[in-house]
Amino acid sequence: MPEGHTVHRLARALDGLFGGRTLAVSSPQGRFAGGAALLDGRRVVAVEAWGKQLFCAFAPAGAKGGDGADDVRWLRVHLGLYGAWTFAGDGSADVVHAIGAPRRRIGERETTPDLPAGDALAAEAGDWAPPAPRGAVRLRLVGAHAVADLTGPTACDVVTGREKAAVEARLGPDPIRADGGRGSPEASRAAFVDRVRRSRVTVGQQLMDQAAIAGVGNIYRAEALFRAGLDPLRPGRDVPGPVLAAIWDDLVVLMRDGAATGAIVTTRPEHRVPDGVHGAGRRTRQNTDGTAGAVPADEAFYVYHRDGLPCRVCGAPVLTKELAGRNLFWCGVCQA
DNA sequence: GCTGCATGATGAG
DNA sequence: TCATCCTGCAGCA
């Protein structure tokens, strides 16, 4: 269940593994056979993320043009709730892990036992071959040294540059993008603030609206509202502009950190108490690469998945409520 | 082994 | 507001 930080992280991983390379593209599951054929044998010339949307540019193998060329075809992927990428490689690339829905990290070493003995020997000889696809793999990208398998995406299309631009035009600013997507950090922040304040829809709902701010999901929503001390049910137009601006700035920091480490951590050190003083909370899988274990998973959030447990700051029980089909978590005292 | 849930979004009514 | 799509896994028997 990726929020925007995961998708940006994924874009970097794909670029590192496949950027500049010619790929074999297929659809082992078959449901993307037509699209895969449009990309097979082409070269990756760009990988981008905007919110939860991933775009990967494929140019003809022989072409020297960049991602703006007319003959570029864009792969658009949205992971939705269940989508995930699984990577494996011959060990020559650093980035070998799974990103997306909660699933076990699959590295080169862990997939090796699944390889027939002959393939394992071939890998040792430098003649690497990808492991057989696991599960319903919609899309498989194979380079010389690595493979990426995509399962369960909500969207997986091949689009033109114009169609890509149309998708982006419907998205709000993205706190992880360097300029936020609106030309400058300031313009992006202002676009978010103005949009929220134009509507009486609750600020909790608007934070999940990808047209208002791109990349925020249920965890960042709950945590950002807590850190701002803001009631999720307050109408957007009633929230002071500076409060919304501060939420944007906070999300810039939180989400970029998440993109760097793979884990969402929103608690400040002084609010992380060992020995389960605040209760354990439900376990939430995070797609780290194993290096981001500094903060225990059950100390990472203030309110997300902590309904009924005492608030880390004031001790009042964390509240939950279904809002527009998604679970909302907040502290009724700190966020009054 | 089975069941229900999940960090999402869409289209119909 | 609801049904639907899609998949893996935690939690349970």
# chains A, B, ... in the order shown; residues from 1 in each chain; ligands from 1
call {"tool": "closest_atom_pairs", "arguments": {"of": "chain A", "to": "chain B", "cutoff": "9 Å", "atoms": "only C-alpha atoms (C1' of nucleotides)", "output": "JSON lines"}}
result
{"residue": "A:Met1", "atom": "CA", "partner": "B:DT7", "partner_atom": "C1'", "distance": 4.2}
{"residue": "A:Pro2", "atom": "CA", "partner": "B:DT7", "partner_atom": "C1'", "distance": 5.3}
{"residue": "A:Glu3", "atom": "CA", "partner": "B:DT7", "partner_atom": "C1'", "distance": 5.8}
{"residue": "A:His78", "atom": "CA", "partner": "B:DG8", "partner_atom": "C1'", "distance": 8.9}
{"residue": "A:Leu79", "atom": "CA", "partner": "B:DG8", "partner_atom": "C1'", "distance": 7.8}
{"residue": "A:Gly80", "atom": "CA", "partner": "B:DG8", "partner_atom": "C1'", "distance": 4.2}
{"residue": "A:Leu81", "atom": "CA", "partner": "B:DG8", "partner_atom": "C1'", "distance": 4.8}
{"residue": "A:Tyr82", "atom": "CA", "partner": "B:DA6", "partner_atom": "C1'", "distance": 8.0}
{"residue": "A:Ala101", "atom": "CA", "partner": "B:DT7", "partner_atom": "C1'", "distance": 8.1}
{"residue": "A:Pro102", "atom": "CA", "partner": "B:DA6", "partner_atom": "C1'", "distance": 8.8}
{"residue": "A:Thr154", "atom": "CA", "partner": "B:DA9", "partner_atom": "C1'", "distance": 7.7}
{"residue": "A:Gly217", "atom": "CA", "partner": "B:DT7", "partner_atom": "C1'", "distance": 6.1}
{"residue": "A:Asn218", "atom": "CA", "partner": "B:DT7", "partner_atom": "C1'", "distance": 6.0}
{"residue": "A:Ile219", "atom": "CA", "partner": "B:DT7", "partner_atom": "C1'", "distance": 6.1}
{"residue": "A:Tyr220", "atom": "CA", "partner": "B:DT7", "partner_atom": "C1'", "distance": 8.6}
{"residue": "A:Thr284", "atom": "CA", "partner": "B:DT7", "partner_atom": "C1'", "distance": 8.6}
{"residue": "A:Arg285", "atom": "CA", "partner": "B:DT7", "partner_atom": "C1'", "distance": 8.9}
{"residue": "A:Gln286", "atom": "CA", "partner": "B:DT7", "partner_atom": "C1'", "distance": 8.9}
call {"tool": "interface_residues", "arguments": {"of": "chain C", "to": "chain A", "cutoff": "8 Å", "atoms": "only C-alpha atoms (C1' of nucleotides)", "output": "PDB file with C-alpha atoms (C1' of nucleotides), in the first residue's frame"}}
result
ATOM      1  C1'  DC C   5     -11.098  -4.216  -9.098  1.00  0.00           C
ATOM      2  C1'  DC C   6      -6.744  -6.636  -7.668  1.00  0.00           C
ATOM      3  C1'  DT C   7      -3.341  -9.416  -4.343  1.00  0.00           C
ATOM      4  C1'  DG C   8      -0.663 -10.844  -0.099  1.00  0.00           C
ATOM      5  C1'  DC C   9      -0.550 -11.609   4.495  1.00  0.00           C
TER       6       DC C   9
END
call {"tool": "atom_distance", "arguments": {"atom1": "CA of Ala228 in chain A", "atom2": "CA of Trp248 in chain A"}}
result
10.3 Å
call {"tool": "select_by_dssp", "arguments": {"residues": "range 119-260 of chain A", "states": "strand (DSSP E or B)", "output": "list in words"}}
result
Val137, Arg138, Leu139, Arg140, Leu141, Val142, Ala146, Val147, Ala148, Asp149, Leu150, Thr151, Ala155, Cys156, Asp157, Val158, Val159, Thr202 and Pro235 of chain A
call {"tool": "residues_around", "arguments": {"residues": "range 6-22 of chain A", "least_positions_apart": "4", "cutoff": "7 Å", "atoms": "only C-alpha atoms (C1' of nucleotides)", "output": "number ranges by chain"}}
result
A: 2, 41-49, 52, 54, 61, 93, 95, 99-100, 143, 146, 259, 262
call {"tool": "select_by_dssp", "arguments": {"residues": "range 118-205 of chain A", "states": "helix (DSSP H, G or I)", "output": "PyMOL selection string"}}
result
chain A and resi 118-124+161-169+185-197+203-205
call {"tool": "write_last_selection", "arguments": {"atoms": "N, CA, C and O atoms", "output": "CSV table (one decimal), in the first residue's frame"}}
result
chain,number,residue,atom,x,y,z
A,118,GLY,N,20.8,-25.4,-12.5
A,118,GLY,CA,21.6,-25.0,-13.6
A,118,GLY,C,21.6,-23.4,-13.7
A,118,GLY,O,22.7,-22.9,-14.1
A,119,ASP,N,20.5,-22.8,-13.4
A,119,ASP,CA,20.5,-21.3,-13.5
A,119,ASP,C,21.4,-20.7,-12.4
A,119,ASP,O,22.1,-19.7,-12.7
A,120,ALA,N,21.4,-21.3,-11.3
A,120,ALA,CA,22.3,-20.8,-10.2
A,120,ALA,C,23.8,-20.9,-10.6
A,120,ALA,O,24.6,-20.0,-10.4
A,121,LEU,N,24.1,-22.0,-11.3
A,121,LEU,CA,25.5,-22.1,-11.8
A,121,LEU,C,25.8,-21.1,-12.9
A,121,LEU,O,26.8,-20.5,-12.9
A,122,ALA,N,24.8,-20.9,-13.7
A,122,ALA,CA,25.0,-19.9,-14.8
A,122,ALA,C,25.2,-18.5,-14.2
A,122,ALA,O,26.0,-17.7,-14.7
A,123,ALA,N,24.5,-18.2,-13.1
A,123,ALA,CA,24.6,-16.9,-12.4
A,123,ALA,C,26.1,-16.7,-11.9
A,123,ALA,O,26.7,-15.7,-12.0
A,124,GLU,N,26.6,-17.8,-11.4
A,124,GLU,CA,28.0,-17.7,-10.9
A,124,GLU,C,28.9,-17.5,-12.0
A,124,GLU,O,30.0,-16.8,-11.9
A,161,GLY,N,2.9,11.0,-24.6
A,161,GLY,CA,3.3,12.1,-23.8
A,161,GLY,C,2.2,13.1,-23.5
A,161,GLY,O,2.1,13.6,-22.4
A,162,ARG,N,1.3,13.2,-24.5
A,162,ARG,CA,0.1,14.1,-24.3
A,162,ARG,C,-0.8,13.5,-23.2
A,162,ARG,O,-1.3,14.2,-22.4
A,163,GLU,N,-1.0,12.2,-23.3
A,163,GLU,CA,-1.9,11.6,-22.3
A,163,GLU,C,-1.2,11.6,-20.9
A,163,GLU,O,-1.9,11.8,-19.9
A,164,LYS,N,0.1,11.5,-20.8
A,164,LYS,CA,0.8,11.6,-19.6
A,164,LYS,C,0.6,13.0,-19.0
A,164,LYS,O,0.3,13.2,-17.8
A,165,ALA,N,0.7,14.0,-19.8
A,165,ALA,CA,0.5,15.4,-19.4
A,165,ALA,C,-0.9,15.6,-18.9
A,165,ALA,O,-1.2,16.3,-17.9
A,166,ALA,N,-1.9,14.9,-19.5
A,166,ALA,CA,-3.3,15.1,-19.1
A,166,ALA,C,-3.5,14.5,-17.7
A,166,ALA,O,-4.2,15.0,-16.9
A,167,VAL,N,-2.8,13.4,-17.4
A,167,VAL,CA,-2.9,12.8,-16.1
A,167,VAL,C,-2.3,13.7,-15.1
A,167,VAL,O,-2.9,14.0,-14.0
A,168,GLU,N,-1.1,14.3,-15.4
A,168,GLU,CA,-0.5,15.2,-14.5
A,168,GLU,C,-1.3,16.4,-14.2
A,168,GLU,O,-1.2,17.0,-13.1
A,169,ALA,N,-2.0,16.9,-15.2
A,169,ALA,CA,-2.8,18.1,-15.1
A,169,ALA,C,-3.9,17.9,-14.0
A,169,ALA,O,-4.4,18.9,-13.5
A,185,PRO,N,8.6,25.8,-5.2
A,185,PRO,CA,8.0,25.3,-3.9
A,185,PRO,C,6.9,26.2,-3.4
A,185,PRO,O,5.9,25.8,-2.9
A,186,GLU,N,7.1,27.5,-3.5
A,186,GLU,CA,6.2,28.5,-3.0
A,186,GLU,C,4.8,28.4,-3.8
A,186,GLU,O,3.8,28.4,-3.1
A,187,ALA,N,4.9,28.3,-5.1
A,187,ALA,CA,3.7,28.2,-5.9
A,187,ALA,C,2.9,26.9,-5.6
A,187,ALA,O,1.7,26.9,-5.5
A,188,SER,N,3.7,25.9,-5.3
A,188,SER,CA,3.0,24.6,-5.0
A,188,SER,C,2.3,24.6,-3.7
A,188,SER,O,1.2,24.2,-3.5
A,189,ARG,N,3.0,25.2,-2.7
A,189,ARG,CA,2.4,25.3,-1.4
A,189,ARG,C,1.1,26.2,-1.4
A,189,ARG,O,0.1,25.8,-0.9
A,190,ALA,N,1.2,27.3,-2.2
A,190,ALA,CA,0.1,28.2,-2.3
A,190,ALA,C,-1.1,27.5,-3.0
A,190,ALA,O,-2.3,27.7,-2.6
A,191,ALA,N,-0.8,26.7,-4.0
A,191,ALA,CA,-1.8,26.0,-4.7
A,191,ALA,C,-2.6,25.0,-3.8
A,191,ALA,O,-3.8,24.9,-3.9
A,192,PHE,N,-1.8,24.4,-2.9
A,192,PHE,CA,-2.5,23.4,-2.0
A,192,PHE,C,-3.3,24.2,-1.0
A,192,PHE,O,-4.5,23.9,-0.8
A,193,VAL,N,-2.8,25.3,-0.4
A,193,VAL,CA,-3.5,26.1,0.6
A,193,VAL,C,-4.8,26.6,0.0
A,193,VAL,O,-5.9,26.5,0.5
A,194,ASP,N,-4.7,27.2,-1.2
A,194,ASP,CA,-5.8,27.8,-1.8
A,194,ASP,C,-6.9,26.8,-2.2
A,194,ASP,O,-8.1,27.1,-2.0
A,195,ARG,N,-6.5,25.7,-2.7
A,195,ARG,CA,-7.4,24.6,-3.0
A,195,ARG,C,-8.2,24.2,-1.8
A,195,ARG,O,-9.5,24.0,-1.8
A,196,VAL,N,-7.6,23.9,-0.7
A,196,VAL,CA,-8.3,23.4,0.5
A,196,VAL,C,-9.2,24.5,1.0
A,196,VAL,O,-10.3,24.1,1.4
A,197,ARG,N,-8.8,25.7,1.0
A,197,ARG,CA,-9.6,26.8,1.6
A,197,ARG,C,-10.8,27.2,0.7
A,197,ARG,O,-11.6,27.9,1.1
A,203,VAL,N,-11.0,18.9,5.9
A,203,VAL,CA,-9.6,18.9,5.6
A,203,VAL,C,-9.1,17.5,5.6
A,203,VAL,O,-8.2,17.1,4.8
A,204,GLY,N,-9.7,16.6,6.4
A,204,GLY,CA,-9.3,15.2,6.4
A,204,GLY,C,-9.5,14.5,5.0
A,204,GLY,O,-8.7,13.8,4.5
A,205,GLN,N,-10.7,14.8,4.4
A,205,GLN,CA,-10.9,14.3,3.1
A,205,GLN,C,-10.1,14.9,2.0
A,205,GLN,O,-9.6,14.2,1.1
call {"tool": "residues_around", "arguments": {"residues": "Ala59 in chain A", "least_positions_apart": "5", "cutoff": "9 Å", "atoms": "only C-alpha atoms (C1' of nucleotides)", "output": "PDB file with N, CA and C atoms, in the first residue's frame"}}
result
ATOM      1  N   LEU A  39       6.323  -2.116 -25.699  1.00  0.00           N
ATOM      2  CA  LEU A  39       7.526  -1.650 -25.005  1.00  0.00           C
ATOM      3  C   LEU A  39       8.717  -2.581 -25.192  1.00  0.00           C
ATOM      4  N   ARG A  42      12.562  -1.905 -26.303  1.00  0.00           N
ATOM      5  CA  ARG A  42      12.837  -0.461 -26.255  1.00  0.00           C
ATOM      6  C   ARG A  42      13.779  -0.137 -25.093  1.00  0.00           C
ATOM      7  N   ARG A  43      14.195   1.122 -25.097  1.00  0.00           N
ATOM      8  CA  ARG A  43      15.195   1.574 -24.128  1.00  0.00           C
ATOM      9  C   ARG A  43      14.563   2.551 -23.145  1.00  0.00           C
ATOM     10  N   VAL A  44      14.874   2.385 -21.864  1.00  0.00           N
ATOM     11  CA  VAL A  44      14.356   3.284 -20.827  1.00  0.00           C
ATOM     12  C   VAL A  44      15.140   4.591 -20.860  1.00  0.00           C
ATOM     13  N   VAL A  45      14.430   5.700 -21.084  1.00  0.00           N
ATOM     14  CA  VAL A  45      15.132   6.988 -21.166  1.00  0.00           C
ATOM     15  C   VAL A  45      14.732   7.945 -20.045  1.00  0.00           C
ATOM     16  N   LYS A  64      18.312   8.248 -30.281  1.00  0.00           N
ATOM     17  CA  LYS A  64      19.133   8.955 -29.302  1.00  0.00           C
ATOM     18  C   LYS A  64      18.339  10.024 -28.567  1.00  0.00           C
ATOM     19  N   GLY A  65      17.077  10.199 -28.935  1.00  0.00           N
ATOM     20  CA  GLY A  65      16.255  11.253 -28.330  1.00  0.00           C
ATOM     21  C   GLY A  65      15.993  11.004 -26.857  1.00  0.00           C
ATOM     22  N   GLY A  66      15.625  12.086 -26.174  1.00  0.00           N
ATOM     23  CA  GLY A  66      15.290  11.980 -24.754  1.00  0.00           C
ATOM     24  C   GLY A  66      13.832  11.661 -24.556  1.00  0.00           C
ATOM     25  N   ASP A  67      13.317  12.011 -23.363  1.00  0.00           N
ATOM     26  CA  ASP A  67      11.948  11.631 -23.043  1.00  0.00           C
ATOM     27  C   ASP A  67      10.906  12.516 -23.735  1.00  0.00           C
ATOM     28  N   ALA A  69      10.875  13.017 -27.064  1.00  0.00           N
ATOM     29  CA  ALA A  69      10.756  12.643 -28.467  1.00  0.00           C
ATOM     30  C   ALA A  69       9.360  12.098 -28.778  1.00  0.00           C
ATOM     31  N   ASP A  71       8.512   9.605 -30.540  1.00  0.00           N
ATOM     32  CA  ASP A  71       8.350   8.155 -30.576  1.00  0.00           C
ATOM     33  C   ASP A  71       8.522   7.517 -29.194  1.00  0.00           C
ATOM     34  N   VAL A  72       8.526   8.340 -28.162  1.00  0.00           N
ATOM     35  CA  VAL A  72       8.589   7.802 -26.804  1.00  0.00           C
ATOM     36  C   VAL A  72       7.223   7.272 -26.390  1.00  0.00           C
ATOM     37  N   ARG A  73       7.217   6.122 -25.784  1.00  0.00           N
ATOM     38  CA  ARG A  73       5.997   5.560 -25.205  1.00  0.00           C
ATOM     39  C   ARG A  73       6.169   5.519 -23.693  1.00  0.00           C
ATOM     40  N   TRP A  74       5.146   5.985 -23.000  1.00  0.00           N
ATOM     41  CA  TRP A  74       5.235   6.051 -21.547  1.00  0.00           C
ATOM     42  C   TRP A  74       4.470   4.905 -20.897  1.00  0.00           C
TER      43      TRP A  74
END
